[in-house]
Amino acid sequence: MSKNENKISMWHIYPLGALDDDRTLADLVPWLDYAQELGCNAIALGPIFLSSTHGYDTLDHYQIDPRLGTRDDFDRFLQAAHSRDMKVILDGVFNHVGRNHPAVVQARKEGADSSSPWKMKADYSPLKRGEEPYWYYFEGHDTLITLDHTDHGTRNAITQVMNYWLEAGIDGWRLDAAYALEPEHWAQILQPVRQRFPHAWIVAEVIHGEYAQMAKLAGWDSLTQYELWKAIWSSLNDANFFELDWTLKRHGELCQDLLPMTFISNHDVTRIASKLDCEDHVGLAVALLATLPGQVSVYYGDEVGFSGVKEDRPGGDDAVRQALPATPEQMRTNDRAQRYWHWYASLLYLRRTHPWLQSASISVEHLDHTILRYRCSGENDSLVVVLNAGNDPFSRSESFLCDIGEVLAGQFDASEDGEVLRANAYLIGRTA
């Protein structure tokens with residue numbers, strides 16, 4: 001698949017947190033227009049299948065979790081999205097299952113010779129009567145039992161799940177904890193998926209490693225750009241754009257091979273409004289998200305300033321997986337929410353009206369600790385982005401500002417000394 005075949009800006013929702021008070025997936029239908037107004041053309045849903053708790057301890061990959069309604073509710077949502085030309089991406093948890101998954105229960109009874117197509121990674125011997133096998137837990141969580149991906153039947157079972165929901169009409173998959181599987185196992189799982197659904201978009205959750213090489217071996221279209229996420233917030237908090245400059249070089253090299261999923265918050269990390277020390281810097285982070293190459297993902301609520309700190313404890317994700325209000329109209333009810341909405345909606349509009357930004361090349365033209373200027377180039381056009389992360393305004397006569405003519409986003413303020421770029425602000429424009 002061409003890296004430019006899908007131009008995606010997605011609104012990422014964690015349904016088990018976003019929907020409370022007996023709301024179902026069908027209740028997300030009014031939010032589709034909201035997401036489109038924001039500037040998104042796809043919805044990425046967190047886990048929606050039957051599970052014991054948070055959705056990542058799956059019990060049945062073919063059943064909608066009753067907490068989110070029924071299959072009819074999901075179908076209604078999917079049809080409504082497609083009627084608006086919006087894509088729907090599901091979260092596939094295929095590295096592990098919940099400890100009460102029927103295949104785990106069966107393995108307790110039958111051991112290594114279990115007839116279930118889902119095999120567990122476990123040591124079954126020696127066992128005394130009533131003794132549990134030695135399960136391999138995912139990252140130490142005793143409620144998450146790792147699957148045995150060396151087993152052909154397990155890989156085939158994953159392929160069947162992916163194909164089933166693609167046949168039902170979804171447009172792609174996010175592969176949870178994809179980094180935990182060997183890339184060749186993903187290649188074996190995905191090959192028959194590609195044969196039936198060549199246009200399905202597959203994005204993998206990857207945190208560390210050589211991204212391009214992993215994606216090539218595994219057959220993913222995209223992956224989560226955690227390296228860029230970290231550089232954005234830490235360079236702003238530490239007044240160190242040199243870190244971001246180094247990461248932008250690596251990001252540009254990666255984008256020659258694939259377009260990663262870029263983000264500044266998600267369901268597993270502290271929200272950007274809480275992560276940044278200076279609230280004004282949220283606008284700079286969004287400007288980076290909107291102008292750098294990649295497939296943009298906006299985590300629900302960030303666009304109106306939802307806050308939340310992830311804690312390293314059981315239930316520590318709850319604070320960043322909060323409920324949506326009853327209606328979209330309740331999202332922008334105060335000046336702070338309107339300010340955040342302006343950042344996101346105006347900058348995503350700029351991205352949407354300059355679609356070449358998705359695969360643009362980036363060159364840094366000015367760099368110091370708190371000032372970064374870079375040029376986005378592509379398809380016979382270019383834009384200049386200037387980020388001022390310091391507490392001092394700068395005159396338009398400065399070398400990194402003097403040649404900017406048309407301003408597309410941000411602004412110069414009037415002052416006694418002429419036009420200035422305010423402190424902790426961004427500017428996007430064209431050179432004169």
# chains A, B, ... in the order shown; residues from 1 in each chain; ligands from 1
>>> closest_atom_pairs(of="region 250-296 of chain A", to="region 25-48 of chain A", cutoff="12 Å", atoms="only C-alpha atoms", output="CSV")
residue,atom,partner,partner_atom,distance
A:Met261,CA,A:Ala44,CA,11.4
A:Asn266,CA,A:Gly46,CA,10.2
A:His267,CA,A:Gly46,CA,8.4
A:Asp268,CA,A:Gly46,CA,11.0
A:Ala290,CA,A:Gly39,CA,10.6
A:Gln295,CA,A:Ala42,CA,10.6
A:Val296,CA,A:Cys40,CA,8.8
>>> select_by_dssp(residues="region 21-246 of chain A", states="alpha helix (DSSP H)", output="number ranges by chain")
A: 29-38, 71-83, 102-110, 152-168, 183-196, 211-218, 226-237, 241-246
>>> residues_around(residues="region 412-428 of chain A", least_positions_apart="5", cutoff="12 Å", atoms="only C-alpha atoms", output="ChimeraX atom specification")
/A:236-237,239,277-288,290-291,343,346-347,350-351,370-376,382-398,400-402,404-407
>>> write_last_selection(atoms="N, CA and C atoms", output="compact mmCIF listing (two decimals), in the first residue's frame")
# COMPACT_ATOMS: atom_id res chain seq x y z
N LEU A 236 9.52 21.37 25.06
CA LEU A 236 8.80 22.56 25.52
C LEU A 236 8.97 22.77 27.02
N ASN A 237 8.87 21.71 27.80
CA ASN A 237 9.03 21.86 29.25
C ASN A 237 10.45 22.22 29.64
N ALA A 239 12.71 23.80 27.74
CA ALA A 239 13.27 24.89 26.92
C ALA A 239 14.48 24.38 26.16
N ASP A 277 4.06 22.30 31.27
CA ASP A 277 4.14 23.22 32.42
C ASP A 277 3.48 24.56 32.11
N CYS A 278 3.53 24.98 30.87
CA CYS A 278 2.95 26.26 30.44
C CYS A 278 1.76 25.98 29.53
N GLU A 279 0.58 26.43 29.89
CA GLU A 279 -0.60 26.13 29.09
C GLU A 279 -0.50 26.70 27.69
N ASP A 280 0.13 27.86 27.53
CA ASP A 280 0.29 28.44 26.20
C ASP A 280 1.03 27.49 25.25
N HIS A 281 1.86 26.62 25.82
CA HIS A 281 2.64 25.71 24.98
C HIS A 281 1.78 24.63 24.33
N VAL A 282 0.55 24.45 24.81
CA VAL A 282 -0.34 23.50 24.14
C VAL A 282 -0.54 23.93 22.68
N GLY A 283 -0.69 25.23 22.47
CA GLY A 283 -0.85 25.72 21.11
C GLY A 283 0.34 25.39 20.23
N LEU A 284 1.55 25.48 20.81
CA LEU A 284 2.75 25.14 20.05
C LEU A 284 2.78 23.65 19.72
N ALA A 285 2.38 22.83 20.70
CA ALA A 285 2.34 21.38 20.47
C ALA A 285 1.35 21.03 19.36
N VAL A 286 0.20 21.68 19.36
CA VAL A 286 -0.80 21.42 18.32
C VAL A 286 -0.29 21.90 16.96
N ALA A 287 0.43 23.02 16.94
CA ALA A 287 1.01 23.51 15.69
C ALA A 287 1.99 22.50 15.12
N LEU A 288 2.78 21.88 15.98
CA LEU A 288 3.69 20.83 15.52
C LEU A 288 2.90 19.64 14.97
N ALA A 290 -0.02 19.55 13.70
CA ALA A 290 -0.76 19.87 12.48
C ALA A 290 0.13 20.10 11.26
N THR A 291 1.41 20.37 11.47
CA THR A 291 2.26 20.71 10.32
C THR A 291 3.32 19.66 10.01
N TRP A 343 -7.25 26.41 18.87
CA TRP A 343 -5.96 25.83 18.51
C TRP A 343 -6.13 24.62 17.59
N SER A 346 -8.55 25.29 14.12
CA SER A 346 -7.95 26.16 13.12
C SER A 346 -6.71 25.52 12.50
N LEU A 347 -5.92 24.83 13.32
CA LEU A 347 -4.69 24.22 12.79
C LEU A 347 -4.98 22.95 12.01
N LEU A 350 -6.01 24.15 8.66
CA LEU A 350 -4.84 24.46 7.85
C LEU A 350 -4.27 23.18 7.24
N ARG A 351 -4.20 22.13 8.03
CA ARG A 351 -3.67 20.86 7.52
C ARG A 351 -4.57 20.29 6.43
N THR A 370 14.77 28.18 22.77
CA THR A 370 13.34 28.47 22.86
C THR A 370 12.73 28.97 21.55
N ILE A 371 13.53 29.05 20.51
CA ILE A 371 13.02 29.45 19.20
C ILE A 371 13.31 28.35 18.19
N LEU A 372 12.28 27.93 17.47
CA LEU A 372 12.46 26.96 16.40
C LEU A 372 11.71 27.45 15.17
N ARG A 373 12.43 27.49 14.06
CA ARG A 373 11.80 27.79 12.78
C ARG A 373 12.11 26.63 11.83
N TYR A 374 11.04 26.10 11.22
CA TYR A 374 11.27 25.04 10.24
C TYR A 374 10.36 25.27 9.04
N ARG A 375 10.78 24.70 7.91
CA ARG A 375 10.02 24.82 6.66
C ARG A 375 9.44 23.46 6.29
N CYS A 376 8.15 23.46 5.96
CA CYS A 376 7.46 22.27 5.46
C CYS A 376 7.35 22.43 3.95
N SER A 382 5.24 25.53 0.06
CA SER A 382 5.96 25.41 1.33
C SER A 382 5.38 26.39 2.34
N LEU A 383 5.48 26.01 3.59
CA LEU A 383 5.06 26.86 4.71
C LEU A 383 6.20 26.95 5.70
N VAL A 384 6.24 28.07 6.40
CA VAL A 384 7.23 28.27 7.45
C VAL A 384 6.52 28.30 8.80
N VAL A 385 7.06 27.56 9.75
CA VAL A 385 6.51 27.51 11.11
C VAL A 385 7.55 28.07 12.07
N VAL A 386 7.13 29.03 12.90
CA VAL A 386 8.00 29.61 13.92
C VAL A 386 7.35 29.37 15.27
N LEU A 387 8.10 28.76 16.18
CA LEU A 387 7.63 28.51 17.55
C LEU A 387 8.47 29.32 18.51
N ASN A 388 7.81 30.14 19.31
CA ASN A 388 8.48 30.92 20.35
C ASN A 388 8.05 30.35 21.70
N ALA A 389 8.89 29.54 22.30
CA ALA A 389 8.57 28.91 23.58
C ALA A 389 9.13 29.68 24.76
N GLY A 390 9.63 30.88 24.50
CA GLY A 390 10.18 31.70 25.57
C GLY A 390 9.20 32.75 26.06
N ASN A 391 9.61 33.46 27.07
CA ASN A 391 8.74 34.46 27.72
C ASN A 391 8.91 35.86 27.16
N ASP A 392 9.68 36.00 26.08
CA ASP A 392 9.89 37.32 25.49
C ASP A 392 9.27 37.38 24.10
N PRO A 393 8.60 38.48 23.78
CA PRO A 393 8.12 38.67 22.40
C PRO A 393 9.29 39.04 21.50
N PHE A 394 9.10 38.89 20.18
CA PHE A 394 10.16 39.20 19.22
C PHE A 394 9.61 40.07 18.11
N SER A 395 10.39 41.10 17.77
CA SER A 395 10.02 42.00 16.69
C SER A 395 10.04 41.29 15.35
N ARG A 396 9.20 41.75 14.47
CA ARG A 396 9.16 41.19 13.12
C ARG A 396 10.47 41.41 12.38
N SER A 397 11.30 42.29 12.87
CA SER A 397 12.59 42.55 12.23
C SER A 397 13.63 41.47 12.53
N GLU A 398 13.33 40.58 13.47
CA GLU A 398 14.27 39.49 13.78
C GLU A 398 14.52 38.65 12.53
N PHE A 400 14.63 35.56 11.99
CA PHE A 400 13.78 34.39 11.76
C PHE A 400 12.32 34.76 11.50
N LEU A 401 12.04 36.09 11.45
CA LEU A 401 10.68 36.56 11.19
C LEU A 401 10.57 37.53 10.03
N CYS A 402 11.67 38.19 9.69
CA CYS A 402 11.59 39.35 8.80
C CYS A 402 11.13 39.01 7.39
N ILE A 404 8.83 36.74 6.54
CA ILE A 404 7.50 36.14 6.48
C ILE A 404 6.50 37.17 5.98
N GLY A 405 5.79 36.81 4.91
CA GLY A 405 4.79 37.71 4.35
C GLY A 405 3.40 37.32 4.80
N GLU A 406 2.73 36.45 4.04
CA GLU A 406 1.37 36.03 4.38
C GLU A 406 1.37 35.16 5.63
N VAL A 407 0.52 35.51 6.60
CA VAL A 407 0.38 34.74 7.84
C VAL A 407 -0.90 33.91 7.75
>>> atom_distance(atom1="CA of Met10 (chain A)", atom2="CA of Gly294 (chain A)")
11.5 Å
>>> residues_around(residues="region 307-316 of chain A", least_positions_apart="4", cutoff="6 Å", atoms="only C-alpha atoms", output="PyMOL selection string")
chain A and resi 269-271+273-274+320
>>> residues_around(residues="region 87-103 of chain A", least_positions_apart="2", cutoff="7 Å", atoms="only C-alpha atoms", output="PyMOL selection string")
chain A and resi 41-47+56-59+78+81-82+85+105-107+116+118+138+143-147+158+170-177+180-181
>>> select_by_dssp(residues="region 129-191 of chain A", states="strand (DSSP E or B)", output="PyMOL selection string")
chain A and resi 134-135+137-138+141-147+172-175
>>> write_last_selection(atoms="N, CA, C and O atoms", output="PDB file, in the first residue's frame")
ATOM      1  N   TYR A 134       2.160 -22.295  34.628  1.00  0.00           N
ATOM      2  CA  TYR A 134       2.949 -21.074  34.770  1.00  0.00           C
ATOM      3  C   TYR A 134       2.657 -20.208  33.553  1.00  0.00           C
ATOM      4  O   TYR A 134       3.192 -20.421  32.467  1.00  0.00           O
ATOM      5  N   TRP A 135       1.739 -19.252  33.724  1.00  0.00           N
ATOM      6  CA  TRP A 135       1.366 -18.382  32.622  1.00  0.00           C
ATOM      7  C   TRP A 135       2.430 -17.304  32.414  1.00  0.00           C
ATOM      8  O   TRP A 135       3.048 -16.820  33.370  1.00  0.00           O
ATOM      9  N   TYR A 137       2.668 -13.658  31.823  1.00  0.00           N
ATOM     10  CA  TYR A 137       1.820 -12.473  31.927  1.00  0.00           C
ATOM     11  C   TYR A 137       2.376 -11.350  31.054  1.00  0.00           C
ATOM     12  O   TYR A 137       3.595 -11.181  30.939  1.00  0.00           O
ATOM     13  N   PHE A 138       1.473 -10.556  30.486  1.00  0.00           N
ATOM     14  CA  PHE A 138       1.917  -9.403  29.714  1.00  0.00           C
ATOM     15  C   PHE A 138       2.385  -8.311  30.655  1.00  0.00           C
ATOM     16  O   PHE A 138       1.616  -7.788  31.469  1.00  0.00           O
ATOM     17  N   HIS A 141       1.302  -8.211  34.384  1.00  0.00           N
ATOM     18  CA  HIS A 141      -0.102  -8.099  34.806  1.00  0.00           C
ATOM     19  C   HIS A 141      -0.722  -9.497  34.855  1.00  0.00           C
ATOM     20  O   HIS A 141      -0.911 -10.142  33.816  1.00  0.00           O
ATOM     21  N   ASP A 142      -1.053  -9.963  36.048  1.00  0.00           N
ATOM     22  CA  ASP A 142      -1.518 -11.348  36.176  1.00  0.00           C
ATOM     23  C   ASP A 142      -2.932 -11.573  35.656  1.00  0.00           C
ATOM     24  O   ASP A 142      -3.431 -12.706  35.660  1.00  0.00           O
ATOM     25  N   THR A 143      -3.592 -10.510  35.186  1.00  0.00           N
ATOM     26  CA  THR A 143      -4.906 -10.663  34.566  1.00  0.00           C
ATOM     27  C   THR A 143      -4.810 -10.750  33.044  1.00  0.00           C
ATOM     28  O   THR A 143      -5.834 -10.941  32.371  1.00  0.00           O
ATOM     29  N   LEU A 144      -3.589 -10.613  32.499  1.00  0.00           N
ATOM     30  CA  LEU A 144      -3.378 -10.611  31.056  1.00  0.00           C
ATOM     31  C   LEU A 144      -2.459 -11.766  30.682  1.00  0.00           C
ATOM     32  O   LEU A 144      -1.261 -11.743  30.981  1.00  0.00           O
ATOM     33  N   ILE A 145      -3.018 -12.793  30.028  1.00  0.00           N
ATOM     34  CA  ILE A 145      -2.275 -14.001  29.689  1.00  0.00           C
ATOM     35  C   ILE A 145      -1.785 -13.904  28.250  1.00  0.00           C
ATOM     36  O   ILE A 145      -2.575 -13.725  27.320  1.00  0.00           O
ATOM     37  N   THR A 146      -0.480 -14.014  28.069  1.00  0.00           N
ATOM     38  CA  THR A 146       0.113 -13.871  26.742  1.00  0.00           C
ATOM     39  C   THR A 146      -0.209 -15.072  25.863  1.00  0.00           C
ATOM     40  O   THR A 146      -0.133 -16.224  26.298  1.00  0.00           O
ATOM     41  N   LEU A 147      -0.577 -14.788  24.617  1.00  0.00           N
ATOM     42  CA  LEU A 147      -0.842 -15.845  23.650  1.00  0.00           C
ATOM     43  C   LEU A 147       0.464 -16.398  23.083  1.00  0.00           C
ATOM     44  O   LEU A 147       1.491 -15.719  23.059  1.00  0.00           O
ATOM     45  N   GLY A 172      -9.928  -0.491   9.296  1.00  0.00           N
ATOM     46  CA  GLY A 172      -8.562  -0.799   9.696  1.00  0.00           C
ATOM     47  C   GLY A 172      -8.473  -1.193  11.146  1.00  0.00           C
ATOM     48  O   GLY A 172      -9.466  -1.254  11.878  1.00  0.00           O
ATOM     49  N   TRP A 173      -7.240  -1.478  11.549  1.00  0.00           N
ATOM     50  CA  TRP A 173      -6.958  -1.950  12.908  1.00  0.00           C
ATOM     51  C   TRP A 173      -5.784  -1.196  13.520  1.00  0.00           C
ATOM     52  O   TRP A 173      -4.784  -0.933  12.844  1.00  0.00           O
ATOM     53  N   ARG A 174      -5.921  -0.884  14.809  1.00  0.00           N
ATOM     54  CA  ARG A 174      -4.776  -0.552  15.637  1.00  0.00           C
ATOM     55  C   ARG A 174      -4.385  -1.821  16.366  1.00  0.00           C
ATOM     56  O   ARG A 174      -5.228  -2.469  17.012  1.00  0.00           O
ATOM     57  N   LEU A 175      -3.132  -2.212  16.266  1.00  0.00           N
ATOM     58  CA  LEU A 175      -2.655  -3.442  16.885  1.00  0.00           C
ATOM     59  C   LEU A 175      -2.028  -3.118  18.241  1.00  0.00           C
ATOM     60  O   LEU A 175      -0.926  -2.565  18.311  1.00  0.00           O
TER      61      LEU A 175
END
>>> closest_residue(among="A:Leu292, A:Leu276, A:Val104, A:Leu223", to="Pro355 (chain A)", atoms="only C-alpha atoms")
A:Leu292
>>> residues_around(residues="Ser359 (chain A)", least_positions_apart="6", cutoff="10 Å", atoms="only C-alpha atoms", output="PyMOL selection string")
chain A and resi 3-4+7+252+255-256+258-259+291-295+376-379
>>> residues_around(residues="region 183-192 of chain A", least_positions_apart="6", cutoff="7 Å", atoms="only C-alpha atoms", output="MDAnalysis selection string")
chainID A and resid 149 155:156 158:159 214 217:219
>>> atom_distance(atom1="CA of Phe74 (chain A)", atom2="CA of Arg196 (chain A)")
22.5 Å
>>> closest_residue(among="A:His54, A:Asp257, A:Leu408, A:Ser125", to="His354 (chain A)", atoms="only C-alpha atoms")
A:Leu408
>>> decode(residues="region 72-89 of chain A", atoms="N, CA, C and O atoms", output="PDB file, in the first residue's frame")
ATOM      1  N   ASP A  72     -25.998  -4.347  17.121  1.00  0.00           N
ATOM      2  CA  ASP A  72     -26.822  -3.386  16.378  1.00  0.00           C
ATOM      3  C   ASP A  72     -26.376  -1.954  16.646  1.00  0.00           C
ATOM      4  O   ASP A  72     -26.373  -1.110  15.736  1.00  0.00           O
ATOM      5  N   ASP A  73     -25.996  -1.656  17.905  1.00  0.00           N
ATOM      6  CA  ASP A  73     -25.508  -0.313  18.234  1.00  0.00           C
ATOM      7  C   ASP A  73     -24.217  -0.011  17.470  1.00  0.00           C
ATOM      8  O   ASP A  73     -24.028   1.097  16.950  1.00  0.00           O
ATOM      9  N   PHE A  74     -23.332  -1.007  17.420  1.00  0.00           N
ATOM     10  CA  PHE A  74     -22.084  -0.806  16.685  1.00  0.00           C
ATOM     11  C   PHE A  74     -22.359  -0.617  15.198  1.00  0.00           C
ATOM     12  O   PHE A  74     -21.784   0.279  14.551  1.00  0.00           O
ATOM     13  N   ASP A  75     -23.227  -1.442  14.631  1.00  0.00           N
ATOM     14  CA  ASP A  75     -23.530  -1.334  13.207  1.00  0.00           C
ATOM     15  C   ASP A  75     -24.135   0.024  12.870  1.00  0.00           C
ATOM     16  O   ASP A  75     -23.849   0.596  11.802  1.00  0.00           O
ATOM     17  N   ARG A  76     -24.973   0.522  13.756  1.00  0.00           N
ATOM     18  CA  ARG A  76     -25.567   1.845  13.535  1.00  0.00           C
ATOM     19  C   ARG A  76     -24.478   2.918  13.513  1.00  0.00           C
ATOM     20  O   ARG A  76     -24.488   3.813  12.648  1.00  0.00           O
ATOM     21  N   PHE A  77     -23.543   2.823  14.443  1.00  0.00           N
ATOM     22  CA  PHE A  77     -22.442   3.784  14.479  1.00  0.00           C
ATOM     23  C   PHE A  77     -21.594   3.676  13.221  1.00  0.00           C
ATOM     24  O   PHE A  77     -21.238   4.690  12.590  1.00  0.00           O
ATOM     25  N   LEU A  78     -21.261   2.457  12.819  1.00  0.00           N
ATOM     26  CA  LEU A  78     -20.408   2.244  11.647  1.00  0.00           C
ATOM     27  C   LEU A  78     -21.077   2.791  10.392  1.00  0.00           C
ATOM     28  O   LEU A  78     -20.439   3.475   9.574  1.00  0.00           O
ATOM     29  N   GLN A  79     -22.361   2.514  10.228  1.00  0.00           N
ATOM     30  CA  GLN A  79     -23.091   3.010   9.058  1.00  0.00           C
ATOM     31  C   GLN A  79     -23.133   4.537   9.046  1.00  0.00           C
ATOM     32  O   GLN A  79     -22.964   5.164   7.992  1.00  0.00           O
ATOM     33  N   ALA A  80     -23.352   5.130  10.218  1.00  0.00           N
ATOM     34  CA  ALA A  80     -23.404   6.591  10.297  1.00  0.00           C
ATOM     35  C   ALA A  80     -22.059   7.206   9.944  1.00  0.00           C
ATOM     36  O   ALA A  80     -21.989   8.243   9.277  1.00  0.00           O
ATOM     37  N   ALA A  81     -20.977   6.578  10.389  1.00  0.00           N
ATOM     38  CA  ALA A  81     -19.641   7.083  10.057  1.00  0.00           C
ATOM     39  C   ALA A  81     -19.407   7.013   8.549  1.00  0.00           C
ATOM     40  O   ALA A  81     -18.945   7.974   7.924  1.00  0.00           O
ATOM     41  N   HIS A  82     -19.715   5.881   7.956  1.00  0.00           N
ATOM     42  CA  HIS A  82     -19.472   5.713   6.523  1.00  0.00           C
ATOM     43  C   HIS A  82     -20.358   6.631   5.694  1.00  0.00           C
ATOM     44  O   HIS A  82     -19.952   7.072   4.609  1.00  0.00           O
ATOM     45  N   SER A  83     -21.557   6.928   6.192  1.00  0.00           N
ATOM     46  CA  SER A  83     -22.425   7.853   5.449  1.00  0.00           C
ATOM     47  C   SER A  83     -21.836   9.254   5.414  1.00  0.00           C
ATOM     48  O   SER A  83     -22.220  10.078   4.578  1.00  0.00           O
ATOM     49  N   ARG A  84     -20.900   9.531   6.325  1.00  0.00           N
ATOM     50  CA  ARG A  84     -20.210  10.826   6.367  1.00  0.00           C
ATOM     51  C   ARG A  84     -18.815  10.724   5.754  1.00  0.00           C
ATOM     52  O   ARG A  84     -17.996  11.633   5.928  1.00  0.00           O
ATOM     53  N   ASP A  85     -18.517   9.618   5.091  1.00  0.00           N
ATOM     54  CA  ASP A  85     -17.193   9.376   4.499  1.00  0.00           C
ATOM     55  C   ASP A  85     -16.103   9.385   5.557  1.00  0.00           C
ATOM     56  O   ASP A  85     -14.975   9.845   5.309  1.00  0.00           O
ATOM     57  N   MET A  86     -16.424   8.861   6.726  1.00  0.00           N
ATOM     58  CA  MET A  86     -15.445   8.750   7.803  1.00  0.00           C
ATOM     59  C   MET A  86     -15.049   7.290   7.986  1.00  0.00           C
ATOM     60  O   MET A  86     -15.897   6.386   7.916  1.00  0.00           O
ATOM     61  N   LYS A  87     -13.784   7.063   8.215  1.00  0.00           N
ATOM     62  CA  LYS A  87     -13.284   5.716   8.441  1.00  0.00           C
ATOM     63  C   LYS A  87     -13.428   5.351   9.921  1.00  0.00           C
ATOM     64  O   LYS A  87     -13.458   6.228  10.787  1.00  0.00           O
ATOM     65  N   VAL A  88     -13.480   4.050  10.195  1.00  0.00           N
ATOM     66  CA  VAL A  88     -13.555   3.542  11.563  1.00  0.00           C
ATOM     67  C   VAL A  88     -12.429   2.535  11.764  1.00  0.00           C
ATOM     68  O   VAL A  88     -12.315   1.558  11.012  1.00  0.00           O
ATOM     69  N   ILE A  89     -11.602   2.788  12.766  1.00  0.00           N
ATOM     70  CA  ILE A  89     -10.461   1.934  13.111  1.00  0.00           C
ATOM     71  C   ILE A  89     -10.745   1.287  14.464  1.00  0.00           C
ATOM     72  O   ILE A  89     -11.086   1.986  15.427  1.00  0.00           O
TER      73      ILE A  89
END
